[in-house]
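Working notes, beginning with the structure itself.
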Amino acid sequence: MLGLAARMIRHRKGDFVATFIALAAGVMVLTVCGMLAESALWYRGEPERYSAAFAVVARHDITVQGPEVFGERETTTVPLPERGSLPEALVRDVAAVPGVATAVADRTISTAVAAAPGEPVSGHGWASAALAPYTVVSGAPPRGDDEVAVDERLAVAGRLRPGAATTVIAGGAVQRVRVSGVVKAPGARGQERALFFTDAQAARLSPRPGRVDAIGVILDKGADRAAVTAAVERLAKRAGATVYTGDDRGLAERPEAAAAKRLVLEAGGAFGGYAALIIGFAVAATVGLSVRHRRRDFALLRAIAATPGQVRALVLGEVGLLVLLAGAAGVPSGVLAAFWIRDQSATRGFVPEDFALTGGFLAVPAAVAGVAAVALPSAWIAARRTTRIRPTEALGEAAVEPALGGRVRLVSGLALLGCAVALIGLTGVTGGQTALGAAVAMLYTFVLAVALLAPWINRAAAVALAPALRTVFGDSGHLAAANLRANARGMVAVLTALVLSVGFGGTVWFLQDNLERQTVIQSREGTLAQHALVGAAGLPAAAAEQARRIPGVLAATGVRRTTVIVPFLGEATTAVAQGVDPQGASRTMDLKVKAGRLDDLGPGTVAVSSAQADSAGWKIGGRARLRLGDGTPVDLKVVAVYERGLGFGDVTLDNRTLAGHTAAGVDDHVLVRSAPGADVRPALERLAAAYPGGAVTGTDRFTGAPATDLAVGSWLNRLLVAVLVGYAALAAANTLIMAALARARELSLLRLLGMTRRQVRRMANAEQTALLGVALAIGVAIAAVALSAVVDAVVGQPVPHVPAQGWAAVIGGAVALALVSTAVPIRLLLRTPPVEGMGIRE
């Protein structure tokens, strides 16, 4: 059968080329998603500052207890948004473990150096230099609180040498220091430069008194590594920490590397799932249409004594060979695309520079197997009807179009349609992530319902549009309506592909536009201050107080950006938050408070967005139980609920609540509002000059920062969505071309009966206009419902913003795709003399 299958592929190139394209593109898309996810799975980072340590104890995630379900307690492990910390006493406990030569505490302090304001710098205690290890190149280690040692890259950038003096800001304190020495570590390649204080000074500057960021373990010679690891893990478990050994030390050193690992793993997995659904639709439709077009071949085989099993084996053999060929073409292109995405992601800062694409040993077989798992059953199902009837009836069955579908298909389609309508209601009564998840489910449920109900939709549309087609296209329109009625089931693949392209593209793409636009609007309209004071390593709380003393300043508010852990559907998730100095905060920012008062914000209280309040069930005067960025649980009273959560974050806290719980421990910026006509900028610039890297900027530019962050983060989403929508469009074109090319005998017969080429083209145009109109109406309706539901739930805008050029691109692209994919094949078919066309195989 494989030999016969190969000969069939060689002599029936049209349908097989279309099927091959759909399969190869599917393999390519799944390979990209799989390569990204697999590479993230194996990524460990490369240790630099901890390369001399045997093990590193750190706390970068937390396990949150959820509700009890069926007698079992649900738990959620959430990455800590802020760098986790450990009790200082744990250092002594680890050092006392037999086989441990020393346990070194490492504190990471956000630092800026006036001599090199553009360089990213982190401060540490001198003892942690042994973990790299750093060696002194010139000068000596720091011995006094006013001395620092700098790594040679920072020394070159700031033209620093032993004995030089400079100003640093660390832990919110501005200090004049002397460079005691220049140090160097083997293999230091990261972007961040190191600066070392004395251990005592580092402990004083740390924003978390009595705690350390990590503990490096150095072994005695000949120590039992397994025993030491087990003992340290027991100690770490009591502190809720993790012991990182081997290559995992890179993840302990750089939490951002661990965050990138999770981001790529989740993005690759999520989009791989979406891609699998879309590819499932497209491949099933393409393979099914290909098999259906060859019913006459299969009927003839049955008539000359081929058994049903042999016919099914032939079909499966053909599709199996195509899957192998598609894998050979799709895998290399997918690998190349994955490398390009990796490079672009590193350039935009999504992943570290050392994030490398590795493996493919799991992704490549999974991609090919996933496409095969859809293609083979689709081929079997499509061929089943021909193989189940008697051979003498097979040729007769092949001469007419199949019935619309069975009762199971109709009932299933109606049930899914009902579920999709119910999900509309769910998005209307929920908000935030719940509404977003319901909307995505609604989108796919609608598309699946359309795929199942497509035969009845096509038949109903043909009947309803028949008068209009006759009026506009005359006799050609009458024939077009008759063709649509007769071929209602044959056009299922075309309708599904077009609806998927328009519905999916119109929903997901424009949702990102709405989020970015609302972030800009909320941030701009809600910022009442005219000036923003910023610093390279943040600003101490004193900066806001100093700004308030400037004549003409009405209010100054220090703002700290952070992330907190909040409850979500019995689990835990992260939410963007801000800490503010509540003194005068209502005069520098308008959060659009709908209940309560922002002026009541203080220690032990919190203000939340309406979306977050609805999601967590928080109300004014009630208690909000959440965790700060370092995992510390807090129970706060809700004093205000506001609407501008996208522009300012879903949670607003008093800076005093955040004290000791953020990695930087300083304000990110200070918002300054001045009296009308007051020129405070010169005084603010003098104040900014006192801080390394300090500057004053207008809030018209400053309020674009949240949108810029969102735009950068949405690049990967847009790219992957473009790939998925592009694949859906390719599938639509594929099915349209296949459907057009399969009509050679039909069009030739019409021409022999007296129709001119122009009349045939008008008939084809009329059919395509009707089919395209129905597909656009359904696709646009699905996109409008899904997009409106999500935007209303997440943003609070019942009518989503859709740029005119955006809709023009979606609808115009679909129209152009459909017309070109039909007009070109029909024009080619009409070049064939009708007598010759009657001899062409169907």
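Going through the structure tokens in order, the chains are called A, B, and so on, while each chain numbers its residues from 1 and the ligands are numbered from 1 in the order shown.
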- [ ] Just the strand (DSSP E or B) stuff from segment 550-705 of chain A, please, per backbone DSSP, written as a VMD selection string.
- [x] chain A and resid 553 to 568 571 to 580 589 593 to 596 605 to 609 623 to 627 633 to 642 651 to 654 667 to 674 695 to 698
From the DSSP assignment of the backbone, select every residue of segment 127-286 of chain A that is alpha helix (DSSP H), and format the answer as a PDB file with N, CA and C atoms, in the first residue's frame.
```pdb
ATOM      1  N   GLU A 152      36.989  45.972  37.731  1.00  0.00           N
ATOM      2  CA  GLU A 152      37.781  46.701  36.751  1.00  0.00           C
ATOM      3  C   GLU A 152      36.935  47.290  35.626  1.00  0.00           C
ATOM      4  N   ARG A 153      35.785  46.686  35.316  1.00  0.00           N
ATOM      5  CA  ARG A 153      34.930  47.257  34.273  1.00  0.00           C
ATOM      6  C   ARG A 153      34.333  48.585  34.730  1.00  0.00           C
ATOM      7  N   LEU A 154      33.924  48.652  35.998  1.00  0.00           N
ATOM      8  CA  LEU A 154      33.424  49.908  36.545  1.00  0.00           C
ATOM      9  C   LEU A 154      34.549  50.924  36.664  1.00  0.00           C
ATOM     10  N   ALA A 155      35.733  50.456  37.016  1.00  0.00           N
ATOM     11  CA  ALA A 155      36.874  51.361  37.125  1.00  0.00           C
ATOM     12  C   ALA A 155      37.196  52.000  35.782  1.00  0.00           C
ATOM     13  N   VAL A 156      37.145  51.218  34.713  1.00  0.00           N
ATOM     14  CA  VAL A 156      37.420  51.758  33.379  1.00  0.00           C
ATOM     15  C   VAL A 156      36.331  52.742  32.963  1.00  0.00           C
ATOM     16  N   ALA A 157      35.048  52.373  33.195  1.00  0.00           N
ATOM     17  CA  ALA A 157      33.944  53.242  32.789  1.00  0.00           C
ATOM     18  C   ALA A 157      33.956  54.568  33.535  1.00  0.00           C
ATOM     19  N   GLY A 158      34.310  54.538  34.833  1.00  0.00           N
ATOM     20  CA  GLY A 158      34.300  55.770  35.633  1.00  0.00           C
ATOM     21  C   GLY A 158      35.661  56.405  35.817  1.00  0.00           C
ATOM     22  N   ASP A 199      31.672  44.693  55.086  1.00  0.00           N
ATOM     23  CA  ASP A 199      30.496  43.905  55.450  1.00  0.00           C
ATOM     24  C   ASP A 199      29.579  44.670  56.394  1.00  0.00           C
ATOM     25  N   ALA A 200      30.168  45.401  57.320  1.00  0.00           N
ATOM     26  CA  ALA A 200      29.352  46.155  58.276  1.00  0.00           C
ATOM     27  C   ALA A 200      28.567  47.255  57.563  1.00  0.00           C
ATOM     28  N   GLN A 201      29.224  47.949  56.623  1.00  0.00           N
ATOM     29  CA  GLN A 201      28.532  49.002  55.881  1.00  0.00           C
ATOM     30  C   GLN A 201      27.448  48.427  54.974  1.00  0.00           C
ATOM     31  N   ALA A 202      27.709  47.292  54.355  1.00  0.00           N
ATOM     32  CA  ALA A 202      26.693  46.659  53.510  1.00  0.00           C
ATOM     33  C   ALA A 202      25.466  46.277  54.331  1.00  0.00           C
ATOM     34  N   ALA A 203      25.687  45.794  55.556  1.00  0.00           N
ATOM     35  CA  ALA A 203      24.552  45.439  56.417  1.00  0.00           C
ATOM     36  C   ALA A 203      23.738  46.674  56.768  1.00  0.00           C
ATOM     37  N   ARG A 204      24.409  47.818  56.972  1.00  0.00           N
ATOM     38  CA  ARG A 204      23.675  49.048  57.300  1.00  0.00           C
ATOM     39  C   ARG A 204      22.914  49.584  56.089  1.00  0.00           C
ATOM     40  N   LEU A 205      23.482  49.452  54.906  1.00  0.00           N
ATOM     41  CA  LEU A 205      22.848  49.995  53.708  1.00  0.00           C
ATOM     42  C   LEU A 205      21.745  49.086  53.156  1.00  0.00           C
ATOM     43  N   ARG A 225      30.060  15.655  49.649  1.00  0.00           N
ATOM     44  CA  ARG A 225      29.171  16.618  48.994  1.00  0.00           C
ATOM     45  C   ARG A 225      27.699  16.260  49.191  1.00  0.00           C
ATOM     46  N   ALA A 226      27.385  14.981  49.086  1.00  0.00           N
ATOM     47  CA  ALA A 226      25.988  14.575  49.245  1.00  0.00           C
ATOM     48  C   ALA A 226      25.488  14.840  50.652  1.00  0.00           C
ATOM     49  N   ALA A 227      26.316  14.556  51.651  1.00  0.00           N
ATOM     50  CA  ALA A 227      25.909  14.763  53.041  1.00  0.00           C
ATOM     51  C   ALA A 227      25.741  16.248  53.332  1.00  0.00           C
ATOM     52  N   VAL A 228      26.676  17.058  52.819  1.00  0.00           N
ATOM     53  CA  VAL A 228      26.571  18.508  53.036  1.00  0.00           C
ATOM     54  C   VAL A 228      25.303  19.049  52.375  1.00  0.00           C
ATOM     55  N   THR A 229      25.062  18.617  51.152  1.00  0.00           N
ATOM     56  CA  THR A 229      23.872  19.091  50.437  1.00  0.00           C
ATOM     57  C   THR A 229      22.602  18.735  51.194  1.00  0.00           C
ATOM     58  N   ALA A 230      22.519  17.513  51.689  1.00  0.00           N
ATOM     59  CA  ALA A 230      21.328  17.084  52.429  1.00  0.00           C
ATOM     60  C   ALA A 230      21.137  17.898  53.699  1.00  0.00           C
ATOM     61  N   ALA A 231      22.238  18.154  54.425  1.00  0.00           N
ATOM     62  CA  ALA A 231      22.139  18.913  55.675  1.00  0.00           C
ATOM     63  C   ALA A 231      21.729  20.356  55.406  1.00  0.00           C
ATOM     64  N   VAL A 232      22.320  20.964  54.375  1.00  0.00           N
ATOM     65  CA  VAL A 232      21.974  22.352  54.047  1.00  0.00           C
ATOM     66  C   VAL A 232      20.540  22.439  53.558  1.00  0.00           C
ATOM     67  N   GLU A 233      20.078  21.434  52.807  1.00  0.00           N
ATOM     68  CA  GLU A 233      18.687  21.448  52.329  1.00  0.00           C
ATOM     69  C   GLU A 233      17.703  21.369  53.482  1.00  0.00           C
ATOM     70  N   ARG A 234      18.040  20.620  54.533  1.00  0.00           N
ATOM     71  CA  ARG A 234      17.141  20.566  55.696  1.00  0.00           C
ATOM     72  C   ARG A 234      17.036  21.932  56.356  1.00  0.00           C
ATOM     73  N   LEU A 235      18.161  22.627  56.477  1.00  0.00           N
ATOM     74  CA  LEU A 235      18.127  23.971  57.062  1.00  0.00           C
ATOM     75  C   LEU A 235      17.367  24.945  56.164  1.00  0.00           C
ATOM     76  N   ALA A 236      17.607  24.845  54.858  1.00  0.00           N
ATOM     77  CA  ALA A 236      16.960  25.766  53.925  1.00  0.00           C
ATOM     78  C   ALA A 236      15.449  25.557  53.901  1.00  0.00           C
ATOM     79  N   LYS A 237      15.011  24.309  54.007  1.00  0.00           N
ATOM     80  CA  LYS A 237      13.582  24.019  53.954  1.00  0.00           C
ATOM     81  C   LYS A 237      12.833  24.700  55.081  1.00  0.00           C
ATOM     82  N   ARG A 238      13.475  24.753  56.271  1.00  0.00           N
ATOM     83  CA  ARG A 238      12.811  25.411  57.403  1.00  0.00           C
ATOM     84  C   ARG A 238      12.651  26.909  57.144  1.00  0.00           C
ATOM     85  N   ARG A 249      23.214  27.251  40.003  1.00  0.00           N
ATOM     86  CA  ARG A 249      23.696  28.419  40.735  1.00  0.00           C
ATOM     87  C   ARG A 249      23.473  29.710  39.944  1.00  0.00           C
ATOM     88  N   GLY A 250      23.441  29.613  38.619  1.00  0.00           N
ATOM     89  CA  GLY A 250      23.159  30.793  37.807  1.00  0.00           C
ATOM     90  C   GLY A 250      21.769  31.349  38.059  1.00  0.00           C
ATOM     91  N   LEU A 251      20.790  30.462  38.326  1.00  0.00           N
ATOM     92  CA  LEU A 251      19.438  30.922  38.632  1.00  0.00           C
ATOM     93  C   LEU A 251      19.378  31.576  40.000  1.00  0.00           C
ATOM     94  N   ALA A 252      20.207  31.096  40.946  1.00  0.00           N
ATOM     95  CA  ALA A 252      20.250  31.715  42.265  1.00  0.00           C
ATOM     96  C   ALA A 252      20.882  33.093  42.188  1.00  0.00           C
ATOM     97  N   GLU A 253      21.866  33.236  41.337  1.00  0.00           N
ATOM     98  CA  GLU A 253      22.581  34.508  41.215  1.00  0.00           C
ATOM     99  C   GLU A 253      21.732  35.583  40.554  1.00  0.00           C
ATOM    100  N   PRO A 255      17.911  36.250  39.649  1.00  0.00           N
ATOM    101  CA  PRO A 255      16.486  35.909  39.610  1.00  0.00           C
ATOM    102  C   PRO A 255      15.837  36.265  38.278  1.00  0.00           C
ATOM    103  N   GLU A 256      16.382  37.298  37.596  1.00  0.00           N
ATOM    104  CA  GLU A 256      15.811  37.651  36.301  1.00  0.00           C
ATOM    105  C   GLU A 256      15.991  36.527  35.292  1.00  0.00           C
ATOM    106  N   ALA A 257      17.066  35.734  35.445  1.00  0.00           N
ATOM    107  CA  ALA A 257      17.247  34.583  34.561  1.00  0.00           C
ATOM    108  C   ALA A 257      16.168  33.536  34.821  1.00  0.00           C
ATOM    109  N   ALA A 258      15.861  33.334  36.098  1.00  0.00           N
ATOM    110  CA  ALA A 258      14.786  32.398  36.440  1.00  0.00           C
ATOM    111  C   ALA A 258      13.442  32.911  35.914  1.00  0.00           C
ATOM    112  N   ALA A 259      13.237  34.250  35.998  1.00  0.00           N
ATOM    113  CA  ALA A 259      11.994  34.827  35.484  1.00  0.00           C
ATOM    114  C   ALA A 259      11.907  34.643  33.972  1.00  0.00           C
ATOM    115  N   ALA A 260      13.052  34.842  33.274  1.00  0.00           N
ATOM    116  CA  ALA A 260      13.061  34.633  31.822  1.00  0.00           C
ATOM    117  C   ALA A 260      12.777  33.178  31.486  1.00  0.00           C
ATOM    118  N   LYS A 261      13.315  32.284  32.269  1.00  0.00           N
ATOM    119  CA  LYS A 261      13.072  30.843  32.063  1.00  0.00           C
ATOM    120  C   LYS A 261      11.575  30.559  32.156  1.00  0.00           C
ATOM    121  N   ARG A 262      10.929  31.087  33.198  1.00  0.00           N
ATOM    122  CA  ARG A 262       9.492  30.857  33.360  1.00  0.00           C
ATOM    123  C   ARG A 262       8.701  31.512  32.233  1.00  0.00           C
ATOM    124  N   LEU A 263       9.110  32.749  31.854  1.00  0.00           N
ATOM    125  CA  LEU A 263       8.392  33.461  30.803  1.00  0.00           C
ATOM    126  C   LEU A 263       8.397  32.675  29.500  1.00  0.00           C
ATOM    127  N   VAL A 264       9.591  32.241  29.087  1.00  0.00           N
ATOM    128  CA  VAL A 264       9.690  31.524  27.813  1.00  0.00           C
ATOM    129  C   VAL A 264       8.983  30.177  27.905  1.00  0.00           C
ATOM    130  N   LEU A 265       9.112  29.496  29.036  1.00  0.00           N
ATOM    131  CA  LEU A 265       8.459  28.196  29.194  1.00  0.00           C
ATOM    132  C   LEU A 265       6.945  28.345  29.126  1.00  0.00           C
ATOM    133  N   GLU A 266       6.412  29.348  29.825  1.00  0.00           N
ATOM    134  CA  GLU A 266       4.964  29.543  29.824  1.00  0.00           C
ATOM    135  C   GLU A 266       4.478  30.042  28.468  1.00  0.00           C
ATOM    136  N   ALA A 267       5.238  30.984  27.856  1.00  0.00           N
ATOM    137  CA  ALA A 267       4.822  31.499  26.551  1.00  0.00           C
ATOM    138  C   ALA A 267       4.867  30.407  25.493  1.00  0.00           C
ATOM    139  N   GLY A 268       5.971  29.649  25.481  1.00  0.00           N
ATOM    140  CA  GLY A 268       6.066  28.562  24.504  1.00  0.00           C
ATOM    141  C   GLY A 268       4.982  27.530  24.695  1.00  0.00           C
ATOM    142  N   GLY A 269       4.698  27.178  25.970  1.00  0.00           N
ATOM    143  CA  GLY A 269       3.660  26.196  26.231  1.00  0.00           C
ATOM    144  C   GLY A 269       2.270  26.706  25.889  1.00  0.00           C
ATOM    145  N   ALA A 270       1.979  27.962  26.306  1.00  0.00           N
ATOM    146  CA  ALA A 270       0.650  28.521  26.059  1.00  0.00           C
ATOM    147  C   ALA A 270       0.384  28.679  24.570  1.00  0.00           C
ATOM    148  N   PHE A 271       1.338  29.302  23.863  1.00  0.00           N
ATOM    149  CA  PHE A 271       1.121  29.504  22.442  1.00  0.00           C
ATOM    150  C   PHE A 271       1.209  28.191  21.669  1.00  0.00           C
ATOM    151  N   GLY A 272       1.987  27.239  22.207  1.00  0.00           N
ATOM    152  CA  GLY A 272       1.976  25.922  21.589  1.00  0.00           C
ATOM    153  C   GLY A 272       0.602  25.296  21.679  1.00  0.00           C
ATOM    154  N   GLY A 273      -0.079  25.491  22.817  1.00  0.00           N
ATOM    155  CA  GLY A 273      -1.440  24.974  22.953  1.00  0.00           C
ATOM    156  C   GLY A 273      -2.410  25.648  22.002  1.00  0.00           C
ATOM    157  N   TYR A 274      -2.329  27.001  21.913  1.00  0.00           N
ATOM    158  CA  TYR A 274      -3.179  27.715  20.968  1.00  0.00           C
ATOM    159  C   TYR A 274      -2.889  27.272  19.534  1.00  0.00           C
ATOM    160  N   ALA A 275      -1.578  27.161  19.218  1.00  0.00           N
ATOM    161  CA  ALA A 275      -1.193  26.750  17.869  1.00  0.00           C
ATOM    162  C   ALA A 275      -1.727  25.363  17.559  1.00  0.00           C
ATOM    163  N   ALA A 276      -1.669  24.453  18.534  1.00  0.00           N
ATOM    164  CA  ALA A 276      -2.157  23.098  18.302  1.00  0.00           C
ATOM    165  C   ALA A 276      -3.647  23.106  17.969  1.00  0.00           C
ATOM    166  N   LEU A 277      -4.421  23.967  18.655  1.00  0.00           N
ATOM    167  CA  LEU A 277      -5.850  24.047  18.357  1.00  0.00           C
ATOM    168  C   LEU A 277      -6.103  24.563  16.947  1.00  0.00           C
ATOM    169  N   ILE A 278      -5.406  25.646  16.588  1.00  0.00           N
ATOM    170  CA  ILE A 278      -5.609  26.229  15.263  1.00  0.00           C
ATOM    171  C   ILE A 278      -5.132  25.267  14.175  1.00  0.00           C
ATOM    172  N   ILE A 279      -3.965  24.669  14.407  1.00  0.00           N
ATOM    173  CA  ILE A 279      -3.446  23.710  13.431  1.00  0.00           C
ATOM    174  C   ILE A 279      -4.377  22.510  13.332  1.00  0.00           C
ATOM    175  N   GLY A 280      -4.960  22.124  14.459  1.00  0.00           N
ATOM    176  CA  GLY A 280      -5.927  21.036  14.420  1.00  0.00           C
ATOM    177  C   GLY A 280      -7.100  21.346  13.514  1.00  0.00           C
ATOM    178  N   PHE A 281      -7.661  22.580  13.644  1.00  0.00           N
ATOM    179  CA  PHE A 281      -8.740  22.992  12.760  1.00  0.00           C
ATOM    180  C   PHE A 281      -8.297  22.934  11.299  1.00  0.00           C
ATOM    181  N   ALA A 282      -7.153  23.572  11.017  1.00  0.00           N
ATOM    182  CA  ALA A 282      -6.713  23.741   9.636  1.00  0.00           C
ATOM    183  C   ALA A 282      -6.327  22.417   8.993  1.00  0.00           C
ATOM    184  N   VAL A 283      -5.545  21.618   9.703  1.00  0.00           N
ATOM    185  CA  VAL A 283      -5.097  20.348   9.129  1.00  0.00           C
ATOM    186  C   VAL A 283      -6.281  19.412   8.916  1.00  0.00           C
ATOM    187  N   ALA A 284      -7.175  19.345   9.893  1.00  0.00           N
ATOM    188  CA  ALA A 284      -8.343  18.473   9.737  1.00  0.00           C
ATOM    189  C   ALA A 284      -9.177  18.902   8.534  1.00  0.00           C
ATOM    190  N   ALA A 285      -9.353  20.227   8.369  1.00  0.00           N
ATOM    191  CA  ALA A 285     -10.144  20.716   7.238  1.00  0.00           C
ATOM    192  C   ALA A 285      -9.452  20.423   5.916  1.00  0.00           C
ATOM    193  N   THR A 286      -8.141  20.663   5.852  1.00  0.00           N
ATOM    194  CA  THR A 286      -7.414  20.461   4.596  1.00  0.00           C
ATOM    195  C   THR A 286      -7.356  18.991   4.209  1.00  0.00           C
TER     196      THR A 286
END
```
Open item on the list: Neighbouring residues of Gly125 of chain A were defined as those with any atom within 7 Å, considering only C-alpha atoms; residues of the same chain fewer than 4 positions away were excluded. Please report them as a list in words.
Closed with: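 Near neighbours after the sequence-gap exclusion: Asp106, Arg107, Phe196, Phe197, Thr198, Asp199 and Ala202 of chain A.
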- [ ] Skip segment 439-441 of chain A itself and residues of its chain fewer than 6 positions away, then list as a list in words all residues within 8 Å of it, counting only C-alpha atoms.
- [x]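 So, after excluding close chain neighbours, the residues are Ala420, Leu423, Ile424, Thr427, Ala786, Leu787, Ala789 and Val790 of chain A.
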Same residues, C-alpha atoms, saved as a tab-separated table (two decimals), in the first residue's frame:
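result.tsv was written with the following content:
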```tsv
chain	number	residue	atom	x	y	z
A	420	ALA	CA	-20.21	30.18	23.97
A	423	LEU	CA	-19.39	32.45	28.43
A	424	ILE	CA	-20.49	35.89	27.21
A	427	THR	CA	-17.22	37.70	31.09
A	786	ALA	CA	-15.19	38.58	22.45
A	787	LEU	CA	-13.24	41.85	22.23
A	789	ALA	CA	-16.50	41.47	26.61
A	790	VAL	CA	-12.80	41.45	27.49
```
- [ ] Would you mind telling me which residue in A:Ala383, A:Ala115, A:Ala55, A:Leu752 lies nearest to Leu219 of chain A when using only C-alpha atoms?
- [x] A:Ala55
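If you count only C-alpha atoms and ignore residues fewer than 5 places along the chain from segment 371-380 of chain A, what sits within 9 Å of it is Leu23, Ala24, Gly26, Val27, Leu30, Ala276, Ile279, Gly280, Phe281, Val283, Ala284, Ala285, Thr286, Val287, Gly288, Ser290, Val291, Arg312, Ala313, Val315, Leu316, Gly317, Val319, Gly320, Val323, Leu324 and Ala366 of chain A.
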Open item on the list: What's around Leu817 of chain A at 10 Å? Count only C-alpha atoms, leave out sequence neighbours fewer than 3 positions away in its own chain, and write the answer as a ChimeraX atom specification.
Closed with: /A:498,729-730,732-733,736,811-814,820-822
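Non-sequential neighbours of Ala659 of chain A (distance at most 9 Å, separation of 5 or more positions within a chain, only C-alpha atoms) are Pro207, Arg208, Gly665 and Val666 of chain A.
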May I have the selected residues written with C-alpha atoms, as a PDB file, in the first residue's frame?
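The result, written out as out_2.pdb:
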```pdb
ATOM      1  CA  PRO A 207      17.033  47.737  52.752  1.00  0.00           C
ATOM      2  CA  ARG A 208      16.268  44.578  54.757  1.00  0.00           C
ATOM      3  CA  GLY A 665      14.341  50.013  49.298  1.00  0.00           C
ATOM      4  CA  VAL A 666      14.122  53.440  47.630  1.00  0.00           C
TER       5      VAL A 666
END
```
Give me, as CSV, the closest atom pair and its distance (Å, one decimal) for every residue of segment 216-309 of chain A within a cut-off of 8 Å of segment 57-65 of chain A, counting only C-alpha atoms, rows sorted by chain and rising number.
```
residue,atom,partner,partner_atom,distance
A:Gly216,CA,A:Val57,CA,6.5
A:Val217,CA,A:Val57,CA,7.9
A:Ala236,CA,A:Val57,CA,6.9
A:Gly240,CA,A:Arg59,CA,6.9
A:Ala241,CA,A:Arg59,CA,4.4
A:Thr242,CA,A:Ala58,CA,5.6
A:Val243,CA,A:Val57,CA,4.6
A:Tyr244,CA,A:Val57,CA,6.3
A:Ala252,CA,A:Ala58,CA,6.2
A:Pro255,CA,A:His60,CA,6.9
```
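The closest residue to Arg560 of chain A, picked from A:Ala468, A:Leu724, A:Val576, A:Leu314 and counting only C-alpha atoms, is A:Val576.
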- [ ] Please measure the separation of atom CA of Ile620 of chain A and atom CA of Ala575 of chain A, giving the value in Å to one decimal.
- [x]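 Atom-to-atom, atom CA of Ile620 of chain A to atom CA of Ala575 of chain A, that is 19.0 Å.
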Task: Atomic distance atom CA of Leu636 of chain A - atom CA of Glu88 of chain A, expressed in Å with one decimal - done: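 Atom CA of Glu88 of chain A lies at a distance of 27.3 Å from atom CA of Leu636 of chain A.
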- [ ] Find, counting only C-alpha atoms, the residue in A:Leu753, A:Glu746, A:Gly617, A:Gly477 that gets nearest to Thr769 of chain A.
- [x] A:Gly477
